[in-house]
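K.L.:
What follows is query_36.cif, made up of mmCIF, C-alpha atoms:
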```
data_target
loop_
_atom_site.label_atom_id
_atom_site.label_comp_id
_atom_site.auth_asym_id
_atom_site.auth_seq_id
_atom_site.Cartn_x
_atom_site.Cartn_y
_atom_site.Cartn_z
CA MET T 178 140.69 98.22 54.04
CA LEU T 179 138.04 96.77 51.78
CA ILE T 180 135.38 99.21 53.03
CA VAL T 181 137.51 102.29 52.51
CA ALA T 182 139.17 100.93 49.36
CA VAL T 183 135.80 100.63 47.67
CA VAL T 184 134.91 104.19 48.64
CA LEU T 185 138.30 105.56 47.68
CA SER T 186 138.65 103.68 44.41
CA ALA T 187 135.20 104.75 43.29
CA VAL T 188 136.15 108.34 43.88
CA GLY T 189 139.82 108.04 42.96
CA LEU T 190 139.28 108.20 39.24
CA THR T 191 136.69 110.94 39.37
CA ALA T 192 138.09 113.28 42.00
CA ASN T 193 139.60 115.99 39.88
CA THR T 194 139.69 118.67 42.51
CA CYS T 195 143.25 119.87 42.58
CA GLY T 196 144.68 120.48 45.98
CA GLN T 197 148.03 121.29 47.39
CA GLU T 198 148.99 120.57 50.96
CA SER T 199 148.51 124.04 52.39
CA GLN T 200 150.46 123.51 55.58
CA ASN T 201 153.30 121.27 56.68
CA GLY T 202 152.77 118.36 59.06
CA ASP T 203 153.88 120.18 62.22
CA GLU T 204 151.52 123.07 61.60
CA LEU T 205 148.65 120.66 60.96
CA LYS T 206 149.41 118.78 64.18
CA LYS T 207 149.21 122.04 66.15
CA LYS T 208 146.03 123.14 64.41
CA TYR T 209 144.30 119.74 64.78
CA PRO T 210 145.64 118.24 68.03
CA LEU T 211 143.06 115.47 68.34
CA LEU T 212 143.85 114.23 64.84
CA ALA T 213 147.57 114.38 65.66
CA ARG T 214 147.11 112.13 68.69
CA LEU T 215 145.54 109.43 66.51
CA ASP T 216 149.02 108.46 65.29
CA MET T 217 149.47 105.58 67.75
CA PRO T 218 152.96 104.48 68.76
CA LYS T 219 153.82 100.90 67.81
CA ASP T 220 154.08 99.85 71.47
CA SER T 221 150.41 100.74 72.03
CA LEU T 222 149.18 98.45 69.25
CA PRO T 223 147.60 95.10 70.10
CA PRO T 224 149.86 92.02 69.83
CA GLY T 225 150.07 90.93 66.19
CA CYS T 226 148.96 94.32 64.90
CA SER T 227 151.35 96.46 62.89
CA LYS T 228 151.35 99.78 61.10
CA PRO T 229 152.67 99.14 57.58
CA ASP T 230 154.99 101.63 55.94
CA LEU T 231 152.61 102.60 53.16
CA GLN T 232 153.67 105.08 50.52
CA PRO T 233 151.44 107.71 48.87
CA ASP T 234 151.21 105.58 45.70
CA ASP T 235 149.71 102.74 47.77
CA PHE T 236 146.49 104.74 48.20
CA PRO T 237 143.93 104.95 45.38
CA VAL T 238 143.36 108.65 46.11
CA LYS T 239 146.08 111.24 45.83
CA GLY T 240 146.63 113.34 48.91
CA LEU T 241 146.38 110.56 51.51
CA ARG T 242 149.44 109.67 53.56
CA GLN T 243 149.82 106.86 56.08
CA SER T 244 149.26 108.12 59.64
CA ALA T 245 149.12 111.75 58.59
CA ILE T 246 146.81 114.75 58.61
CA THR T 247 146.05 116.32 55.27
CA THR T 248 144.12 119.29 53.95
CA ASP T 249 144.44 118.06 50.36
CA ALA T 250 141.12 118.69 48.63
CA ARG T 251 141.30 115.39 46.73
CA ALA T 252 141.59 113.36 49.94
CA ILE T 253 138.87 115.38 51.63
CA ALA T 254 136.52 114.91 48.66
CA ALA T 255 137.16 111.16 48.62
CA LEU T 256 136.57 110.72 52.34
CA ASP T 257 133.42 112.84 52.17
CA LYS T 258 131.80 109.77 50.61
CA VAL T 259 131.95 108.24 54.11
CA VAL T 260 130.52 111.19 56.07
CA ARG T 261 128.40 112.87 53.38
CA VAL T 262 128.53 116.45 54.64
CA GLU T 263 129.92 118.19 51.53
CA ALA T 264 133.69 118.41 51.34
CA GLU T 265 133.87 122.17 51.86
CA ASN T 266 132.68 121.58 55.43
CA THR T 267 135.81 119.51 56.18
CA GLN T 268 139.00 121.27 57.23
CA ALA T 269 141.35 118.28 57.49
CA VAL T 270 141.43 114.48 57.57
CA TYR T 271 143.67 111.85 59.18
CA PHE T 272 144.04 108.36 57.72
CA ALA T 273 145.92 105.28 58.95
CA VAL T 274 145.84 101.59 58.04
CA TYR T 275 146.91 98.77 60.38
CA LYS T 276 147.40 95.07 59.67
CA GLU T 277 146.51 92.10 61.81
CA ALA T 278 144.67 89.00 60.54
CA GLY T 279 142.92 91.49 58.23
CA GLU T 280 143.20 95.24 57.94
CA LEU T 281 141.70 97.90 60.11
CA GLY T 282 141.98 101.63 59.93
CA VAL T 283 141.37 104.94 61.55
CA ILE T 284 139.87 107.94 59.81
CA GLY T 285 139.57 111.26 61.60
CA TRP T 286 137.90 114.43 60.35
CA ALA T 287 138.09 118.02 61.57
CA PHE T 288 134.97 119.84 60.46
CA ALA T 289 134.19 123.54 60.25
CA THR T 290 131.66 123.35 63.10
CA GLU T 291 130.29 121.01 65.73
CA GLU T 292 126.97 120.94 63.87
CA VAL T 293 128.67 119.52 60.78
CA ALA T 294 130.38 116.91 63.00
CA LYS T 295 126.98 115.95 64.43
CA ASP T 296 125.56 115.55 60.92
CA ALA T 297 128.57 113.46 59.87
CA HIS T 298 128.14 111.29 62.97
CA GLN T 299 124.49 110.63 62.09
CA ASN T 300 125.40 109.83 58.47
CA VAL T 301 128.09 107.32 59.43
CA THR T 302 125.82 105.75 62.06
CA LYS T 303 123.17 105.16 59.38
CA ARG T 304 125.69 103.21 57.29
CA GLY T 305 125.66 100.29 59.67
CA ARG T 306 127.95 98.51 62.06
CA ALA T 307 131.11 98.58 59.96
CA PHE T 308 132.44 101.51 61.97
CA LYS T 309 133.03 102.36 65.61
CA ILE T 310 132.50 106.09 65.95
CA TRP T 311 133.58 108.86 68.33
CA ARG T 312 132.68 112.55 68.19
CA GLN T 313 134.44 115.25 70.17
CA GLY T 314 133.50 118.83 69.37
CA LYS T 315 134.14 119.44 65.68
CA TYR T 316 136.00 116.11 65.29
CA LEU T 317 134.73 112.72 64.18
CA ILE T 318 136.84 109.56 64.41
CA THR T 319 135.97 106.19 62.93
CA LEU T 320 137.57 102.79 63.33
CA TRP T 321 136.81 100.19 60.65
CA ARG T 322 137.94 96.65 60.01
CA ASP T 323 138.00 94.08 57.27
CA THR T 324 136.81 90.54 57.66
CA GLY T 325 139.48 88.53 59.40
CA THR T 326 140.56 91.15 61.90
CA THR T 327 140.07 89.65 65.34
CA ASP T 328 137.62 91.00 67.87
CA ARG T 329 140.51 91.28 70.35
CA CYS T 330 142.49 93.55 68.03
CA MET T 331 139.43 95.67 67.19
CA GLN T 332 138.62 96.05 70.90
CA GLN T 333 142.17 97.09 71.81
CA MET T 334 142.26 99.66 69.00
CA ALA T 335 138.88 100.98 70.14
CA GLU T 336 140.22 101.31 73.70
CA ASN T 337 143.26 103.20 72.38
CA ILE T 338 141.05 105.64 70.49
CA GLU T 339 138.72 106.00 73.48
CA ALA T 340 141.71 107.01 75.63
CA ILE T 341 142.84 109.51 72.99
CA VAL T 342 139.38 111.09 72.83
CA ARG T 343 139.12 111.23 76.65
CA ARG T 344 142.40 113.18 76.78
CA SER T 345 140.94 115.89 74.60
CA ASP T 346 141.05 119.44 75.84
CA ALA T 347 139.82 122.90 74.89
CA ASP T 348 142.26 123.06 71.97
CA ASP T 349 140.43 120.13 70.39
CA ARG T 350 137.18 121.96 70.05
#
```
Can you present the structure in this file as structure tokens?
P.N.:
Amino acid sequence: MLIVAVVLSAVGLTANTCGQESQNGDELKKKYPLLARLDMPKDSLPPGCSKPDLQPDDFPVKGLRQSAITTDARAIAALDKVVRVEAENTQAVYFAVYKEAGELGVIGWAFATEEVAKDAHQNVTKRGRAFKIWRQGKYLITLWRDTGTTDRCMQQMAENIEAIVRRSDADDR
């Protein structure tokens, strides 16, 4: 969580864009099906890996929820620091943190177009090896880990995400 915490905390105090959740969770899951599938059931997690019950106040940026999709402008603006495509090009984001020997997390974005997703993919790729990255249509998904997270756990989480992305369909585009 160190990687994302630094990004989020740097933006957390300065993000003054007000945003209200424009749609409830079920509507967002229907609108962004690939992001919805990123919420992995506990039985699919690697041994020793758990999904903590984090509360909104646990995040340094308002608008983020554990294992949830949001259209909150504050969360989108904060996570734009990772993809650098201008927040107005992002329709929704998904964020989840997992714990093992260290922390690892999943961030998913739904962008306005595939071209924006391609640009975001290039921008994240330039940032180095801290992320594993998948792009499917207008979606971008990243998996990150802190020091201490085992290679075995990271690999299993990557395989889980790979399976989710492979199951994508026309609704995901």
K.L.:
Atom CA of Gly240 of chain T and atom CA of Ile253 of chain T, how far apart in Å?
P.N.:
8.5 Å
K.L.:
Restricting the calculation to all atoms listed in the file, which member of T:Asp249, T:Asp216, T:Glu291, T:Asp323 is positioned closest to Ala269 of chain T?
P.N.:
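Among the listed residues, the smallest separation from Ala269 of chain T belongs to T:Asp249.
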K.L.:
Under the PyMOL selection byres ((chain T and resi 229) around 10), which residues of this model are included? Write them out as a list in words.
P.N.:
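Output of the PyMOL selection byres ((chain T and resi 229) around 10): Cys226, Ser227, Lys228, Asp230, Leu231, Gln232, Gln243, Ser244, Ala273, Val274, Tyr275 and Lys276 of chain T.
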K.L.:
Taking (140.5, 87.6, 66.0) as a centre in this file's frame and 12 Å as the limit, can you find every polymer residue with an atom that close, using all atoms listed in the file, and give them as a list in words?
P.N.:
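Protein, DNA and RNA residues close to (140.5, 87.6, 66.0): Pro223, Pro224, Gly225, Cys226, Lys276, Glu277, Ala278, Gly279, Glu280, Leu281, Arg322, Asp323, Thr324, Gly325, Thr326, Thr327, Asp328, Arg329, Cys330, Met331, Gln332 and Gln333 of chain T.
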K.L.:
Please identify every residue of segment 212-269 of chain T that has at least one atom no farther than 12 Å from an atom of segment 307-319 of chain T, counting all atoms listed in the file, and for each give the shortest atom pair and the distance in Å to one decimal, arranged by chain then increasing number, as CSV.
P.N.:
```
residue,atom,partner,partner_atom,distance
T:Leu212,CA,T:Tyr316,CA,8.1
T:Ala213,CA,T:Tyr316,CA,11.7
T:Arg214,CA,T:Ile318,CA,11.4
T:Leu215,CA,T:Ile318,CA,9.0
T:Leu256,CA,T:Thr319,CA,11.5
T:Val259,CA,T:Thr319,CA,9.9
T:Val260,CA,T:Leu317,CA,9.3
T:Val262,CA,T:Leu317,CA,12.0
T:Asn266,CA,T:Lys315,CA,10.6
T:Thr267,CA,T:Lys315,CA,9.6
T:Gln268,CA,T:Lys315,CA,9.9
T:Ala269,CA,T:Tyr316,CA,9.7
```
K.L.:
Deliver the residues from the most recent selection as a file, using C-alpha atoms, as a CSV table (one decimal), in the coordinates of the input.
P.N.:
```
chain,number,residue,atom,x,y,z
T,212,LEU,CA,143.8,114.2,64.8
T,213,ALA,CA,147.6,114.4,65.7
T,214,ARG,CA,147.1,112.1,68.7
T,215,LEU,CA,145.5,109.4,66.5
T,256,LEU,CA,136.6,110.7,52.3
T,259,VAL,CA,132.0,108.2,54.1
T,260,VAL,CA,130.5,111.2,56.1
T,262,VAL,CA,128.5,116.4,54.6
T,266,ASN,CA,132.7,121.6,55.4
T,267,THR,CA,135.8,119.5,56.2
T,268,GLN,CA,139.0,121.3,57.2
T,269,ALA,CA,141.4,118.3,57.5
```
K.L.:
May I ask which of the residues T:Glu265, T:Pro237, T:Lys258, T:Trp286 is the closest one to Arg304 of chain T, counting all atoms listed in the file?
P.N.:
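The shortest atom-to-atom distance to Arg304 of chain T comes from T:Lys258.
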K.L.:
Please, what distance in Å, to one decimal, runs between atom CA of Ala250 of chain T and atom CA of Lys207 of chain T?
P.N.:
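Pair atom CA of Ala250 of chain T / atom CA of Lys207 of chain T returns 19.6 Å.
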K.L.:
Kindly give the distance, in Å, that separates atom CA of Asn201 of chain T and atom CA of Asp235 of chain T, rounded to a single decimal.
P.N.:
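Answer for the atom CA of Asn201 of chain T to atom CA of Asp235 of chain T separation: 20.9 Å.
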K.L.:
Under the rule that all atoms listed in the file are counted, which of T:Glu292, T:Val301, T:Tyr271, T:Asp257 is the nearest residue to Leu211 of chain T?
P.N.:
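For Leu211 of chain T, the nearest of the given residues is T:Tyr271.
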K.L.:
Using all atoms listed in the file, which residue out of T:Arg242, T:Lys295, T:Lys219, T:Arg344 lies closest to Val270 of chain T?
P.N.:
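Between T:Arg242, T:Lys295, T:Lys219, T:Arg344, the residue approaching Val270 of chain T most closely is T:Arg242.
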K.L.:
Under the rule that all atoms listed in the file are counted, which of T:Ala245, T:Ala287, T:Ile338, T:Val238 is the nearest residue to Tyr209 of chain T?
P.N.:
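When distances to Tyr209 of chain T are compared using all atoms listed in the file, the smallest one comes from T:Ala287.
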K.L.:
Once you add 5 Å to each side, what are the centre and edge lengths of the axis-aligned box holding all listed atoms of segment 276-285 of chain T? One decimal in Å, as lines of an AutoDock Vina configuration file, if you can.
P.N.:
```
center_x = 143.5
center_y = 100.1
center_z = 59.9
size_x = 17.8
size_y = 32.3
size_z = 13.9
```
K.L.:
Check the smallest atom-to-atom distance from each of T:Glu204, T:Gly282, T:Phe288, T:Lys303 to Met217 of chain T using all atoms listed in the file, then report the winner.
P.N.:
T:Gly282
